[in-house]
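Visitor: File data13.pdb below, PDB, C-alpha atoms:
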```pdb
ATOM      1  CA  GLY A   1      -7.406   0.168  -3.362
ATOM      2  CA  LYS A   2      -5.666   3.523  -3.393
ATOM      3  CA  GLU A   3      -7.077   4.320   0.056
ATOM      4  CA  HIS A   4      -5.760   1.050   1.509
ATOM      5  CA  ALA A   5      -2.403   1.498  -0.203
ATOM      6  CA  THR A   6      -2.100   4.978   1.275
ATOM      7  CA  LEU A   7      -2.896   3.669   4.767
ATOM      8  CA  MET A   8      -0.256   0.925   4.580
ATOM      9  CA  ALA A   9       2.218   2.761   2.365
ATOM     10  CA  THR A  10       5.208   2.128   4.625
ATOM     11  CA  LYS A  11       4.553  -1.655   4.467
ATOM     12  CA  LEU A  12       4.532  -1.767   0.663
ATOM     13  CA  ASN A  13       7.727  -1.988  -1.364
ATOM     14  CA  TRP A  14       6.173  -2.608  -4.773
ATOM     15  CA  ILE A  15       2.843  -1.173  -5.959
ATOM     16  CA  GLY A  16       1.135  -2.289  -9.172
ATOM     17  CA  PRO A  17      -1.818  -0.046 -10.089
ATOM     18  CA  CYS A  18      -4.154  -1.862 -12.514
ATOM     19  CA  TRP A  19      -4.075   0.601 -15.372
ATOM     20  CA  TYR A  20      -2.773  -0.538 -18.757
ATOM     21  CA  GLN A  21      -3.537  -2.983 -21.575
ATOM     22  CA  ILE A  22      -1.681  -3.860 -24.776
ATOM     23  CA  ARG A  23      -4.293  -3.886 -27.547
ATOM     24  CA  ARG A  24      -4.669  -3.231 -31.242
ATOM     25  CA  ALA A  25      -6.411  -0.146 -32.517
ATOM     26  CA  ARG A  26      -8.994  -0.404 -35.274
ATOM     27  CA  ASP A  27      -6.278   0.202 -37.844
ATOM     28  CA  GLY A  28      -4.325  -2.766 -36.469
ATOM     29  CA  GLU A  29      -1.620  -0.699 -34.791
ATOM     30  CA  ILE A  30      -0.421  -1.796 -31.357
ATOM     31  CA  GLU A  31      -1.403   0.646 -28.627
ATOM     32  CA  ILE A  32      -1.405   1.021 -24.843
ATOM     33  CA  THR A  33      -4.849   1.709 -23.422
ATOM     34  CA  GLY A  34      -5.888   2.552 -19.870
ATOM     35  CA  THR A  35      -4.068   5.868 -19.583
ATOM     36  CA  HIS A  36      -7.353   7.449 -18.436
ATOM     37  CA  ASP A  37      -6.918   5.532 -15.149
ATOM     38  CA  GLU A  38      -3.541   7.085 -14.360
ATOM     39  CA  ASP A  39      -3.323   8.981 -11.089
ATOM     40  CA  PHE A  40       0.142  10.477 -10.853
ATOM     41  CA  GLU A  41      -0.848  12.807  -8.013
ATOM     42  CA  TRP A  42      -1.623   9.765  -5.856
ATOM     43  CA  LEU A  43       1.709   8.153  -6.815
ATOM     44  CA  HIS A  44       3.499  11.303  -5.663
ATOM     45  CA  SER A  45       1.766  11.011  -2.294
ATOM     46  CA  MET A  46       2.995   7.431  -1.796
ATOM     47  CA  TYR A  47       6.556   8.669  -1.358
ATOM     48  CA  GLY A  48       5.683  10.603   1.785
ATOM     49  CA  GLU A  49       7.582  13.620   3.036
ATOM     50  CA  MET A  50      11.225  14.292   2.201
ATOM     51  CA  ASN A  51      13.740  13.657   4.976
ATOM     52  CA  GLU A  52      16.272  16.058   6.479
ATOM     53  CA  VAL A  53      18.642  15.653   3.518
ATOM     54  CA  GLY A  54      15.941  16.379   0.973
ATOM     55  CA  GLN A  55      15.245  12.809  -0.140
ATOM     56  CA  CYS A  56      12.017  10.835  -0.269
ATOM     57  CA  ARG A  57      11.825   7.091   0.423
ATOM     58  CA  GLN A  58      14.165   5.073  -1.788
ATOM     59  CA  ASP A  59      12.701   1.569  -1.376
ATOM     60  CA  LEU A  60       9.451   2.083  -3.306
ATOM     61  CA  ARG A  61       8.959   0.566  -6.777
ATOM     62  CA  ILE A  62       5.856   1.470  -8.785
ATOM     63  CA  VAL A  63       5.117  -1.112 -11.468
ATOM     64  CA  PRO A  64       1.672  -0.659 -13.078
ATOM     65  CA  ARG A  65       0.039  -3.830 -14.361
ATOM     66  CA  VAL A  66      -0.034  -4.345 -18.121
ATOM     67  CA  VAL A  67      -2.379  -7.028 -19.496
ATOM     68  CA  LEU A  68      -1.664  -8.456 -22.950
ATOM     69  CA  GLU A  69      -5.036  -8.458 -24.732
ATOM     70  CA  THR A  70      -3.899  -9.115 -28.296
ATOM     71  CA  SER A  71      -1.485 -11.438 -30.076
ATOM     72  CA  LEU A  72       2.048 -10.244 -30.737
ATOM     73  CA  THR A  73       3.060 -12.660 -33.434
ATOM     74  CA  THR A  74       6.318 -11.182 -34.699
ATOM     75  CA  GLU A  75       9.502  -9.700 -33.251
ATOM     76  CA  SER A  76       8.408  -6.404 -34.767
ATOM     77  CA  ASP A  77       5.141  -6.548 -32.795
ATOM     78  CA  VAL A  78       7.051  -7.107 -29.548
ATOM     79  CA  GLU A  79       9.441  -4.260 -30.355
ATOM     80  CA  ILE A  80       6.537  -1.881 -30.957
ATOM     81  CA  ALA A  81       4.872  -2.939 -27.694
ATOM     82  CA  LYS A  82       8.154  -2.292 -25.879
ATOM     83  CA  ASN A  83       8.427   1.181 -27.406
ATOM     84  CA  ARG A  84       4.848   2.036 -26.436
ATOM     85  CA  LEU A  85       5.484   0.985 -22.822
ATOM     86  CA  LEU A  86       8.667   3.024 -22.622
ATOM     87  CA  GLU A  87       6.767   6.036 -23.954
ATOM     88  CA  VAL A  88       4.280   5.646 -21.085
ATOM     89  CA  MET A  89       7.145   5.409 -18.594
ATOM     90  CA  GLU A  90       8.974   8.436 -20.030
ATOM     91  CA  ARG A  91       5.814  10.554 -19.985
ATOM     92  CA  ALA A  92       5.108   9.631 -16.359
ATOM     93  CA  ASN A  93       8.641  10.301 -15.182
ATOM     94  CA  SER A  94       8.749  13.688 -16.836
ATOM     95  CA  ALA A  95       6.326  14.784 -14.108
ATOM     96  CA  ILE A  96       8.774  14.124 -11.247
ATOM     97  CA  ILE A  97       8.661  16.790  -8.541
ATOM     98  CA  LYS A  98      10.655  15.143  -5.720
ATOM     99  CA  PRO A  99      14.371  14.363  -5.944
ATOM    100  CA  GLY A 100      15.353  10.713  -6.199
ATOM    101  CA  MET A 101      11.939   9.391  -7.205
ATOM    102  CA  LYS A 102      10.205   7.968 -10.269
ATOM    103  CA  LEU A 103       6.510   7.742 -10.909
ATOM    104  CA  ILE A 104       6.943   4.500 -12.856
ATOM    105  CA  HIS A 105       9.917   2.192 -12.282
ATOM    106  CA  GLY A 106       8.713  -0.535 -14.613
ATOM    107  CA  PHE A 107       5.737  -2.787 -15.201
ATOM    108  CA  THR A 108       3.870  -5.822 -13.911
ATOM    109  CA  LEU A 109       3.338  -7.981 -16.995
ATOM    110  CA  GLU A 110       0.322 -10.277 -17.248
ATOM    111  CA  ILE A 111       1.049 -12.426 -20.291
ATOM    112  CA  PRO A 112      -0.449 -15.904 -20.871
ATOM    113  CA  LEU A 113       2.199 -18.614 -20.840
ATOM    114  CA  ASN A 114       0.855 -19.929 -24.146
ATOM    115  CA  GLU A 115       2.371 -16.705 -25.507
ATOM    116  CA  MET A 116       5.805 -17.866 -24.373
ATOM    117  CA  MET A 117       7.667 -16.009 -27.102
ATOM    118  CA  VAL A 118       6.201 -12.725 -25.876
ATOM    119  CA  ALA A 119       6.516 -13.716 -22.201
ATOM    120  CA  VAL A 120      10.265 -14.186 -22.592
ATOM    121  CA  SER A 121      11.155 -11.573 -25.197
ATOM    122  CA  LEU A 122       9.194  -8.544 -23.933
ATOM    123  CA  PRO A 123      10.857  -8.429 -20.473
ATOM    124  CA  ARG A 124      14.210  -9.109 -22.097
ATOM    125  CA  ILE A 125      14.088  -6.215 -24.564
ATOM    126  CA  LEU A 126      12.671  -3.873 -21.905
ATOM    127  CA  LYS A 127      15.717  -4.672 -19.754
ATOM    128  CA  ALA A 128      18.025  -4.195 -22.724
ATOM    129  CA  ALA A 129      16.550  -0.751 -23.363
ATOM    130  CA  VAL A 130      16.482   0.430 -19.715
ATOM    131  CA  SER A 131      18.889  -1.520 -17.512
ATOM    132  CA  ASP A 132      17.287  -0.531 -14.191
ATOM    133  CA  ILE A 133      13.685  -1.068 -15.264
ATOM    134  CA  ALA A 134      11.732  -3.176 -12.719
ATOM    135  CA  ILE A 135       9.769  -6.110 -14.143
ATOM    136  CA  VAL A 136       7.220  -8.205 -12.256
ATOM    137  CA  PHE A 137       5.755 -11.211 -14.056
ATOM    138  CA  VAL A 138       2.361 -12.618 -13.060
ATOM    139  CA  LEU A 139       2.767 -16.388 -12.893
ATOM    140  CA  PRO A 140      -0.163 -18.835 -12.818
ATOM    141  CA  PRO A 141      -0.185 -21.433 -10.008
ATOM    142  CA  LEU A 142       1.908 -24.055 -11.796
ATOM    143  CA  GLU A 143       2.084 -27.426 -10.068
ATOM    144  CA  LEU A 144       5.580 -28.060 -11.337
ATOM    145  CA  ASP A 145       6.790 -31.630 -11.663
ATOM    146  CA  PRO A 146      10.377 -31.767 -10.329
ATOM    147  CA  GLN A 147      11.251 -33.993 -13.303
ATOM    148  CA  ASP A 148       9.791 -31.568 -15.877
ATOM    149  CA  SER A 149      13.062 -30.210 -17.228
ATOM    150  CA  ARG A 150      11.398 -28.453 -20.160
ATOM    151  CA  SER A 151       9.185 -26.279 -17.942
ATOM    152  CA  LYS A 152      12.097 -25.600 -15.617
ATOM    153  CA  GLN A 153      14.251 -24.423 -18.531
ATOM    154  CA  ALA A 154      11.453 -22.113 -19.728
ATOM    155  CA  LEU A 155      11.127 -20.592 -16.262
ATOM    156  CA  GLU A 156      14.910 -20.228 -15.974
ATOM    157  CA  SER A 157      14.926 -18.348 -19.271
ATOM    158  CA  LEU A 158      12.043 -16.142 -18.181
ATOM    159  CA  SER A 159      13.727 -15.331 -14.871
ATOM    160  CA  LEU A 160      16.745 -13.740 -16.586
ATOM    161  CA  ALA A 161      14.852 -10.509 -17.236
ATOM    162  CA  VAL A 162      12.301 -10.593 -14.392
ATOM    163  CA  ASP A 163      12.822  -9.100 -10.920
ATOM    164  CA  ARG A 164       9.788 -10.606  -9.185
ATOM    165  CA  PHE A 165       7.241 -13.347  -9.904
ATOM    166  CA  SER A 166       3.776 -12.725  -8.505
ATOM    167  CA  VAL A 167       2.372 -16.258  -8.153
ATOM    168  CA  MET A 168      -1.410 -16.576  -8.395
ATOM    169  CA  THR A 169      -1.841 -18.972  -5.477
ATOM    170  CA  TYR A 170      -5.601 -18.480  -5.388
ATOM    171  CA  ASP A 171      -8.680 -19.381  -7.485
ATOM    172  CA  ASN A 172      -8.232 -23.074  -6.727
ATOM    173  CA  ASP A 173     -12.038 -23.124  -6.576
ATOM    174  CA  ARG A 174     -14.549 -20.562  -7.822
ATOM    175  CA  ASN A 175     -17.733 -22.086  -6.462
ATOM    176  CA  GLY A 176     -17.679 -21.342  -2.746
ATOM    177  CA  LYS A 177     -15.107 -23.885  -1.596
ATOM    178  CA  ALA A 178     -11.586 -23.035  -0.427
ATOM    179  CA  ILE A 179     -10.054 -20.445  -2.735
ATOM    180  CA  ALA A 180      -6.464 -21.159  -1.675
ATOM    181  CA  PRO A 181      -6.210 -24.369   0.392
ATOM    182  CA  ILE A 182      -2.964 -24.331   2.317
ATOM    183  CA  GLU A 183      -1.685 -27.721   1.085
ATOM    184  CA  TRP A 184      -2.193 -26.676  -2.529
ATOM    185  CA  VAL A 185      -0.488 -23.314  -1.991
ATOM    186  CA  SER A 186       2.436 -25.131  -0.387
ATOM    187  CA  LYS A 187       2.658 -27.612  -3.278
ATOM    188  CA  VAL A 188       2.699 -24.834  -5.893
ATOM    189  CA  MET A 189       5.367 -22.813  -4.099
ATOM    190  CA  ARG A 190       7.542 -25.838  -3.277
ATOM    191  CA  GLY A 191       7.516 -26.853  -6.922
ATOM    192  CA  LEU A 192       8.583 -23.405  -8.105
ATOM    193  CA  LEU A 193      11.310 -23.300  -5.476
ATOM    194  CA  THR A 194      12.993 -26.222  -7.248
ATOM    195  CA  VAL A 195      13.968 -23.753  -9.997
ATOM    196  CA  PRO A 196      17.036 -22.081  -8.407
ATOM    197  CA  SER A 197      16.844 -18.761 -10.244
ATOM    198  CA  LEU A 198      13.223 -18.242  -9.143
ATOM    199  CA  HIS A 199      13.871 -18.627  -5.428
ATOM    200  CA  PRO A 200      14.937 -15.017  -4.617
ATOM    201  CA  LYS A 201      12.213 -13.571  -6.862
ATOM    202  CA  LEU A 202       9.049 -15.410  -5.811
ATOM    203  CA  LEU A 203       6.057 -13.666  -4.218
ATOM    204  CA  LEU A 204       3.361 -15.868  -2.707
ATOM    205  CA  GLY A 205      -0.024 -14.585  -3.891
ATOM    206  CA  LEU A 206      -2.633 -13.638  -1.290
ATOM    207  CA  PRO A 207      -6.281 -13.067  -2.300
ATOM    208  CA  HIS A 208      -8.299 -10.246  -0.793
ATOM    209  CA  TYR A 209     -11.505 -11.473  -2.439
ATOM    210  CA  GLY A 210     -13.518 -14.685  -2.518
ATOM    211  CA  TRP A 211     -15.980 -16.764  -4.552
ATOM    212  CA  ARG A 212     -19.584 -17.676  -3.786
ATOM    213  CA  THR A 213     -21.656 -20.658  -4.935
ATOM    214  CA  GLY A 214     -22.487 -20.090  -8.589
ATOM    215  CA  GLY A 215     -19.116 -18.632  -9.519
ATOM    216  CA  GLU A 216     -19.736 -15.088  -8.285
ATOM    217  CA  ASP A 217     -16.684 -13.129  -7.211
ATOM    218  CA  MET A 218     -17.057 -11.524  -3.807
ATOM    219  CA  THR A 219     -15.425  -8.302  -2.635
ATOM    220  CA  ALA A 220     -15.641  -6.867   0.881
ATOM    221  CA  GLU A 221     -18.558  -4.658  -0.103
ATOM    222  CA  LYS A 222     -20.471  -7.567  -1.638
ATOM    223  CA  MET A 223     -19.798  -9.736   1.406
ATOM    224  CA  VAL A 224     -21.226  -7.189   3.844
ATOM    225  CA  LEU A 225     -24.391  -6.712   1.765
ATOM    226  CA  TRP A 226     -24.851 -10.457   1.209
ATOM    227  CA  LEU A 227     -24.528 -11.403   4.861
ATOM    228  CA  ALA A 228     -26.684  -8.473   6.015
ATOM    229  CA  ASN A 229     -29.485  -9.181   3.546
ATOM    230  CA  ASN A 230     -29.559 -12.986   3.871
ATOM    231  CA  GLY A 231     -29.087 -13.536   7.561
ATOM    232  CA  GLY A 232     -25.819 -15.331   7.034
ATOM    233  CA  GLY A 233     -22.830 -15.613   9.292
ATOM    234  CA  ILE A 234     -19.520 -17.357   9.676
ATOM    235  CA  GLY A 235     -20.072 -20.991   8.878
ATOM    236  CA  GLY A 236     -16.833 -22.073  10.445
ATOM    237  CA  TRP A 237     -13.156 -22.747   9.992
ATOM    238  CA  ASP A 238     -11.982 -25.353   7.501
ATOM    239  CA  ASP A 239      -8.974 -26.674   9.381
ATOM    240  CA  LYS A 240      -7.622 -28.651   6.439
ATOM    241  CA  ALA A 241      -7.742 -25.730   4.011
ATOM    242  CA  LYS A 242      -6.964 -23.180   6.766
ATOM    243  CA  GLU A 243      -9.788 -20.898   5.577
ATOM    244  CA  HIS A 244     -13.027 -19.539   6.979
ATOM    245  CA  TYR A 245     -16.215 -20.178   5.053
ATOM    246  CA  PHE A 246     -19.503 -18.307   5.144
ATOM    247  CA  THR A 247     -23.081 -19.419   4.505
ATOM    248  CA  ASP A 248     -26.503 -17.833   4.118
ATOM    249  CA  THR A 249     -30.046 -19.018   4.813
ATOM    250  CA  SER A 250     -30.341 -20.579   1.349
ATOM    251  CA  ALA A 251     -27.204 -22.687   1.926
ATOM    252  CA  LYS A 252     -25.104 -20.672  -0.488
ATOM    253  CA  ARG A 253     -21.500 -20.874   0.564
ATOM    254  CA  CYS A 254     -18.659 -18.425   0.137
ATOM    255  CA  SER A 255     -14.947 -18.733   0.725
ATOM    256  CA  TYR A 256     -13.655 -15.309   1.640
ATOM    257  CA  PRO A 257     -10.314 -14.406   3.274
ATOM    258  CA  SER A 258     -10.094 -13.654   6.968
ATOM    259  CA  PRO A 259      -7.166 -12.236   8.953
ATOM    260  CA  GLU A 260      -6.413 -15.722  10.318
ATOM    261  CA  MET A 261      -6.416 -17.221   6.811
ATOM    262  CA  LEU A 262      -3.964 -14.560   5.631
ATOM    263  CA  ARG A 263      -1.710 -15.090   8.662
ATOM    264  CA  THR A 264      -1.356 -18.798   7.889
ATOM    265  CA  ARG A 265      -0.150 -17.963   4.349
ATOM    266  CA  LEU A 266       2.342 -15.431   5.711
ATOM    267  CA  GLU A 267       3.634 -18.097   8.089
ATOM    268  CA  LEU A 268       3.941 -20.520   5.160
ATOM    269  CA  ALA A 269       5.930 -17.969   3.166
ATOM    270  CA  VAL A 270       8.336 -17.604   6.093
ATOM    271  CA  GLU A 271       8.574 -21.380   6.527
ATOM    272  CA  LEU A 272       9.410 -21.898   2.844
ATOM    273  CA  GLY A 273      11.845 -19.003   2.693
ATOM    274  CA  VAL A 274       9.803 -17.154   0.095
ATOM    275  CA  PRO A 275      11.068 -13.551   0.104
ATOM    276  CA  GLY A 276       7.713 -11.794  -0.140
ATOM    277  CA  VAL A 277       3.973 -11.851  -0.780
ATOM    278  CA  ALA A 278       1.787 -10.242  -3.441
ATOM    279  CA  ILE A 279      -1.759  -9.091  -2.661
ATOM    280  CA  TRP A 280      -4.559  -9.266  -5.219
ATOM    281  CA  GLU A 281      -5.952  -6.826  -4.654
ATOM    282  CA  LEU A 282      -6.007  -4.182  -1.961
ATOM    283  CA  GLY A 283      -9.316  -2.619  -2.947
ATOM    284  CA  GLN A 284     -11.258  -5.889  -2.669
ATOM    285  CA  GLY A 285     -10.445  -6.567   0.990
ATOM    286  CA  THR A 286     -11.439  -5.067   4.308
ATOM    287  CA  ALA A 287      -9.533  -2.543   6.400
ATOM    288  CA  ALA A 288      -8.978  -5.321   8.962
ATOM    289  CA  PHE A 289      -6.700  -7.116   6.500
ATOM    290  CA  MET A 290      -4.263  -4.212   6.694
ATOM    291  CA  GLU A 291      -3.451  -5.087  10.305
ATOM    292  CA  VAL A 292      -2.180  -8.552   9.322
ATOM    293  CA  TYR A 293       0.871  -7.301   7.459
TER
END
```
Can you present the structure in this file as structure tokens?

Guide:
Amino acid sequence: GKEHATLMATKLNWIGPCWYQIRRARDGEIEITGTHDEDFEWLHSMYGEMNEVGQCRQDLRIVPRVVLETSLTTESDVEIAKNRLLEVMERANSAIIKPGMKLIHGFTLEIPLNEMMVAVSLPRILKAAVSDIAIVFVLPPLELDPQDSRSKQALESLSLAVDRFSVMTYDNDRNGKAIAPIEWVSKVMRGLLTVPSLHPKLLLGLPHYGWRTGGEDMTAEKMVLWLANNGGGIGGWDDKAKEHYFTDTSAKRCSYPSPEMLRTRLELAVELGVPGVAIWELGQGTAAFMEVY
């Protein structure tokens, strides 16, 4: 993933390294784990060379992913989690070596919507503490009913403290069929676009991985080995889903992205007026995918 991000650095505006988790230590205290995955030297390199006036690129936002892996049941719990995240951010930004840059601008929060109290309050108090902090919220592929005022109000409330919503428009099937059929992706995004405050913040999710019969996730490396060892090949193009599918000699089927599949989703994003796309994730795709963007 880091190699692909480096190759297409100038095409990326927001980068979310998958590093951190909110957990509880054995003594019950809330902690941030995953710091062993940090690579601040690589983040420095993503800014490129300084220009003639001594500045590096100003459009880059680095927002490491944070997965909530415990329950935060009280306001005090949420406050502690906020403080721990800000400590991570402060430590990272103390290592700045280029003018006008930060190593961490904020966070990509992956919080289940059944933890709505945390989903709304954690971004809000992070914004209150650091006004320019960048917050991305990972949103499941909600098929929003236009008449569902309650869900719309919840999303409106959530949007007040969120800068971008990374919509998971993939995993529609995990058994070899279309992972992100185009009609379904369109339905999800059109529903979310009925919430006015979401419109300028939505990112259409693009998968760089697939699923094979039996519920096995497939990365680029796995795909190459599978097709080489089983005599498989491209099974064809599913024109309804707008996806390629692959088969092997035992009739196992895999839906895995192709450049053409990704292009159709980019065209859909343009058609709908969605301001951007979010890739999950760079390290699981092929180098050929980089040429699509």

Visitor: I'd like to know which of A:Glu49, A:Asp59, A:Glu38, A:Glu115 is closest to A:Thr74, using all atoms listed in the file.

Guide: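 Result for the nearest residue to A:Thr74: A:Glu115.
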
Visitor: Which is closest to A:Val188 among A:Thr73, A:Ala220, A:Pro146, A:Met117, if we use all atoms listed in the file?

Guide: A:Pro146

Visitor: Please tell me which residues are no farther than 12 Å from (8.1, 14.3, -14.1) in the file, counting only C-alpha atoms, and write them as an NGL selection string.

Guide: :A and (40-41 or 43-44 or 88-104)

Visitor: Counting all atoms listed in the file, which residues of stretch 89-122 of chain A fall within 12 Å of stretch 161-178 of chain A, and what is the closest atom pair for each with its distance in Å at one decimal, ordered by chain and rising number, as a tab-separated table?

Guide:
```
residue	atom	partner	partner_atom	distance
A:His105	CA	A:Asp163	CA	11.7
A:Gly106	CA	A:Asp163	CA	10.2
A:Phe107	CA	A:Val162	CA	10.2
A:Thr108	CA	A:Ser166	CA	8.8
A:Leu109	CA	A:Val162	CA	9.7
A:Glu110	CA	A:Ser166	CA	9.7
A:Ala119	CA	A:Val162	CA	10.2
A:Val120	CA	A:Ala161	CA	8.0
A:Ser121	CA	A:Ala161	CA	8.8
A:Leu122	CA	A:Ala161	CA	9.0
```

Visitor: With the file shown as input, list the residues that the PyMOL selection byres ((chain A and resi 248) around 12) selects, as number ranges by chain.

Guide: A: 176, 212-213, 223-235, 245-247, 249-254

Visitor: Work out how far atom CA of A:Arg124 is from atom CA of A:Leu144, in Å to one decimal.

Guide: 23.4 Å

Visitor: Evaluate the PyMOL selection byres ((chain A and resi 275-278) around 7) here and jot the selected residues down as number ranges by chain.

Guide: A: 166, 200, 202-206, 273-274, 279-280

Visitor: Determine the residue set returned by the PyMOL selection byres ((chain A and resi 47) around 6) for the present structure, and present it as a list in words.

Guide: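 After applying the PyMOL selection byres ((chain A and resi 47) around 6), what remains is His44, Ser45, Met46, Gly48, Cys56 and Arg57 of chain A.
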
Visitor: With 9 Å as the cut-off and only C-alpha atoms counted, what is the closest atom pair between each nearby residue of stretch 47-78 of chain A and stretch 8-27 of chain A? Distances in Å to one decimal, ordered by chain and number, as CSV.

Guide:
```
residue,atom,partner,partner_atom,distance
A:Tyr47,CA,A:Ala9,CA,8.2
A:Gly48,CA,A:Ala9,CA,8.6
A:Asp59,CA,A:Asn13,CA,6.1
A:Leu60,CA,A:Asn13,CA,4.8
A:Arg61,CA,A:Trp14,CA,4.7
A:Ile62,CA,A:Ile15,CA,4.9
A:Val63,CA,A:Gly16,CA,4.7
A:Pro64,CA,A:Gly16,CA,4.3
A:Arg65,CA,A:Cys18,CA,5.0
A:Val66,CA,A:Tyr20,CA,4.7
A:Val67,CA,A:Gln21,CA,4.7
A:Leu68,CA,A:Ile22,CA,4.9
A:Glu69,CA,A:Arg23,CA,5.4
A:Thr70,CA,A:Arg23,CA,5.3
A:Ser71,CA,A:Arg23,CA,8.4
```

Visitor: Atom CA of A:Ala180 and atom CA of A:Asp217, how far apart in Å?

Guide: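 Computing it gives 14.1 Å between the two atoms.
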
Visitor: Might you pull out every residue within 8 Å of A:Lys242, with only C-alpha atoms counted and same-chain residues fewer than 3 positions away left off, and present them as a PyMOL selection string?

Guide: chain A and resi 181-182+237-239+261+264
